[in-house]
Amino acid sequence: MKRSLILLMSFCLVSSLLLSACENSQINVNASNSSKTKGQETPKAEPFELTLRHTQIGKDKEKRFAILNDVVKKVESEVDGLTFRLDGVESDVNRKEKLRGEMAAGNPPDIFDLFGSPDSTIYAKEGKLLDLTPIIEELGIKDKFSSLEPFTYKGRVYGLPIGGSAEGFFYNKEYFEKRGWKPPATFAEFENMLAEIKADGKVPIAAASKDGWVPLMLTNHLWSRYAGPDITGKFATGEAKWTDPNVIKAFAKHQEWENKGYFKKGELGYEYPEYTTQFTSGTAILMYDGTWKSSVFKKGESGASMVGKVGFFNLPPIPGGVGDQTSLMFNVNNGYGFSAAVAKDPRKMEAVKSFIKNMFNEDMQIRGLVEDGVLPAMKMDVSVLASSLNDTLMKEIVDALENSETKFAAFDSLVQTDVTSTISNVQIQKLISNQTTPKKMAEALQKVQDEANAQDKANATED
């Protein structure tokens, strides 16, 4: 009896275990089948496209383009179904032709290279730009930028700066060392250098003035020294005039240097890429340019032969100049904007948020500085970064920034488009070729400035 009971209990136990195993097996099979069914039932995300207009074209912008591409790939991996369509356009063509026409027609790209002031204000006023304020607040980066002023209209943010840039003189260190020179401390010392370089059979300052903005970088610095770093911002308000005697002195100094042969002969026929070639070939000893140019003098770039042989200094103080004579042009006026139409599509909005998150962060700002020489537009200790880079050129650039008590914005971010067009496409070329005088140039500019200011007042009245 006991043996039968034991056998019966053993049988029940084995049966119970087998039944449990079968049930677990069936559950696993069902789960597997359920998972497979779910996988089969989950539809693929509907493909959609986002157009991205960039200006990272040409050999000297390869590093910048690589950074953009990495961001694009990251965003595509985060947003199901997304594919970017990249459209590369030269910067000036994008700003003054393509984007302007697309905005007028109401069909700008989804994301595009955007110039801050005054462009972003114009497009924001017309309702063409996406209001980024809630996005950057959600991402917690609204207060992370050095300045959002160029992209702000009526307290709302309509674009984000990708980096900062300053302007000054790049110089050939080998030539300076051969002459026993250091960067000039005074304006007289600087002008003596120009004369001696010319006498040595070299070109003192590289020049490529087919596009007016190139020579105007230096002219802008000159009038900001002679008339004060804050004068340009007062032209559009009527508080100051282009006919200010000190502005005319600056125009006269530029023309004087032209007539003394301190710039590359035939400059009006040269385009911007030739500017760098004159310097890297040793033809020109100095080149006045933006700090973005520092990326050229890295290994693997077009100016690699100059690695370690290039320095940077600020324009020396001008005797009798107005205001801070250490002032330096510094802009955070180049960045990205987004079409207002994106707000109508939740998936595009998701992609835009992902793009902003992945592009505008400390890691990408550091990468831009290290790989491309672009100064951060977000708040960071640049001096510490520069020291850790072991990059002597970047260290000299940072030193120039730190030794500058005040900064001024480039003229084309402060005056109206018509004024910019007049000085860039007509007047500077006439000054260079002696087809006008400094006084006549100033008068011509003031005439256009008065018209632009009057139109602004009329528009403000209508608003």
# chains A, B, ... in the order shown; residues from 1 in each chain; ligands from 1
>>> residues_around(residues="Val247 (chain A)", least_positions_apart="4", cutoff="7 Å", atoms="only C-alpha atoms", output="list in words")
Trp223, Tyr226, Ala227, Trp242, Thr243 and Phe251 of chain A
>>> write_last_selection(atoms="all heavy atoms", output="compact mmCIF listing (two decimals), in the first residue's frame")
# COMPACT_ATOMS: atom_id res chain seq x y z
N TRP A 223 37.85 102.31 -39.97
CA TRP A 223 36.93 103.37 -39.54
C TRP A 223 36.46 103.17 -38.10
O TRP A 223 36.10 104.12 -37.40
CB TRP A 223 35.77 103.57 -40.52
CG TRP A 223 34.58 102.67 -40.46
CD1 TRP A 223 33.71 102.49 -39.43
CD2 TRP A 223 34.08 101.84 -41.53
NE1 TRP A 223 32.71 101.60 -39.76
CE2 TRP A 223 32.91 101.19 -41.06
CE3 TRP A 223 34.49 101.59 -42.84
CZ2 TRP A 223 32.16 100.30 -41.84
CZ3 TRP A 223 33.75 100.71 -43.61
CH2 TRP A 223 32.59 100.07 -43.12
N TYR A 226 39.45 104.90 -36.28
CA TYR A 226 39.47 106.35 -36.45
C TYR A 226 38.24 107.01 -35.80
O TYR A 226 38.36 108.08 -35.19
CB TYR A 226 39.52 106.72 -37.93
CG TYR A 226 40.90 106.72 -38.54
CD1 TYR A 226 41.33 105.65 -39.32
CD2 TYR A 226 41.78 107.78 -38.34
CE1 TYR A 226 42.59 105.64 -39.89
CE2 TYR A 226 43.06 107.78 -38.90
CZ TYR A 226 43.46 106.71 -39.68
OH TYR A 226 44.72 106.70 -40.23
N ALA A 227 37.06 106.41 -35.98
CA ALA A 227 35.81 107.06 -35.54
C ALA A 227 35.18 106.42 -34.32
O ALA A 227 34.17 106.91 -33.82
CB ALA A 227 34.81 107.05 -36.70
N TRP A 242 28.03 108.66 -42.22
CA TRP A 242 29.21 108.20 -42.96
C TRP A 242 30.13 109.37 -43.29
O TRP A 242 31.33 109.18 -43.52
CB TRP A 242 28.78 107.52 -44.25
CG TRP A 242 28.15 106.17 -44.06
CD1 TRP A 242 26.81 105.89 -44.00
CD2 TRP A 242 28.82 104.92 -43.92
NE1 TRP A 242 26.61 104.54 -43.83
CE2 TRP A 242 27.83 103.91 -43.78
CE3 TRP A 242 30.16 104.54 -43.90
CZ2 TRP A 242 28.13 102.56 -43.64
CZ3 TRP A 242 30.48 103.19 -43.75
CH2 TRP A 242 29.47 102.21 -43.60
N THR A 243 29.60 110.57 -43.31
CA THR A 243 30.39 111.75 -43.64
C THR A 243 31.16 112.30 -42.43
O THR A 243 31.79 113.36 -42.52
CB THR A 243 29.48 112.87 -44.21
OG1 THR A 243 28.35 113.04 -43.33
CG2 THR A 243 28.99 112.50 -45.60
N PHE A 251 38.76 105.98 -44.82
CA PHE A 251 38.71 105.72 -46.26
C PHE A 251 39.99 106.23 -46.92
O PHE A 251 40.55 105.58 -47.81
CB PHE A 251 37.50 106.41 -46.89
CG PHE A 251 36.16 105.85 -46.46
CD1 PHE A 251 35.00 106.61 -46.61
CD2 PHE A 251 36.05 104.58 -45.91
CE1 PHE A 251 33.77 106.11 -46.24
CE2 PHE A 251 34.81 104.07 -45.52
CZ PHE A 251 33.68 104.84 -45.68
>>> residues_around(residues="Asn453 (chain A)", least_positions_apart="3", cutoff="8 Å", atoms="only C-alpha atoms", output="list of chain:residue names")
A:Ala236, A:Thr237, A:Gly238, A:Gln449, A:Asp450, A:Asp456, A:Lys457
>>> select_by_dssp(residues="region 274-415 of chain A", states="helix (DSSP H, G or I)", output="MDAnalysis selection string")
chainID A and resid 274:280 291:297 304:306 340:344 346:359 362:372 382:389 392:402 411:413
>>> residues_around(residues="Val322 (chain A)", least_positions_apart="2", cutoff="12 Å", atoms="only C-alpha atoms", output="number ranges by chain")
A: 222-231, 244-247, 249-250, 317-320, 324-327
>>> residues_around(residues="Met193 (chain A)", least_positions_apart="5", cutoff="10 Å", atoms="only C-alpha atoms", output="JSON, numbers by chain")
{"A": [176, 179, 181, 183, 184, 187, 188, 198, 199, 204]}
>>> closest_residue(among="A:Ala252, A:Ala66, A:Met378, A:Val419", to="Ser147 (chain A)", atoms="only C-alpha atoms")
A:Met378
>>> residues_around(residues="Ala410 (chain A)", least_positions_apart="2", cutoff="10 Å", atoms="only C-alpha atoms", output="PyMOL selection string")
chain A and resi 166-167+216-217+220-221+224+232-233+328-333+407-408+412-415
>>> closest_atom_pairs(of="region 316-432 of chain A", to="region 94-108 of chain A", cutoff="9 Å", atoms="only C-alpha atoms", output="JSON lines")
{"residue": "A:Phe338", "atom": "CA", "partner": "A:Pro108", "partner_atom": "CA", "distance": 8.7}
{"residue": "A:Ser339", "atom": "CA", "partner": "A:Pro108", "partner_atom": "CA", "distance": 6.4}
{"residue": "A:Ala341", "atom": "CA", "partner": "A:Asn107", "partner_atom": "CA", "distance": 8.8}
>>> atom_distance(atom1="CA of Thr437 (chain A)", atom2="CA of Ile248 (chain A)")
9.2 Å
>>> residues_around(residues="Gly308 (chain A)", least_positions_apart="6", cutoff="8 Å", atoms="only C-alpha atoms", output="JSON, numbers by chain")
{"A": [297, 392, 393]}
>>> write_last_selection(atoms="N, CA, C and O atoms", output="PDB file, in the first residue's frame")
ATOM      1  N   PHE A 297      45.504  76.413 -42.030  1.00  0.00           N
ATOM      2  CA  PHE A 297      46.889  76.163 -41.667  1.00  0.00           C
ATOM      3  C   PHE A 297      47.032  74.972 -40.720  1.00  0.00           C
ATOM      4  O   PHE A 297      47.729  75.033 -39.717  1.00  0.00           O
ATOM      5  N   THR A 392      49.754  77.039 -31.516  1.00  0.00           N
ATOM      6  CA  THR A 392      50.292  78.379 -31.257  1.00  0.00           C
ATOM      7  C   THR A 392      49.484  79.470 -31.962  1.00  0.00           C
ATOM      8  O   THR A 392      49.318  80.560 -31.428  1.00  0.00           O
ATOM      9  N   LEU A 393      48.989  79.184 -33.167  1.00  0.00           N
ATOM     10  CA  LEU A 393      48.198  80.180 -33.887  1.00  0.00           C
ATOM     11  C   LEU A 393      46.899  80.471 -33.139  1.00  0.00           C
ATOM     12  O   LEU A 393      46.533  81.643 -32.947  1.00  0.00           O
TER      13      LEU A 393
END
>>> closest_residue(among="A:Phe411, A:Gly373, A:Glu90, A:Lys74", to="Lys234 (chain A)", atoms="only C-alpha atoms")
A:Phe411
>>> atom_distance(atom1="CA of Lys73 (chain A)", atom2="CA of Phe355 (chain A)")
10.0 Å
>>> closest_residue(among="A:Glu402, A:Asp119, A:Glu76, A:Glu239", to="Thr417 (chain A)", atoms="only C-alpha atoms")
A:Asp119
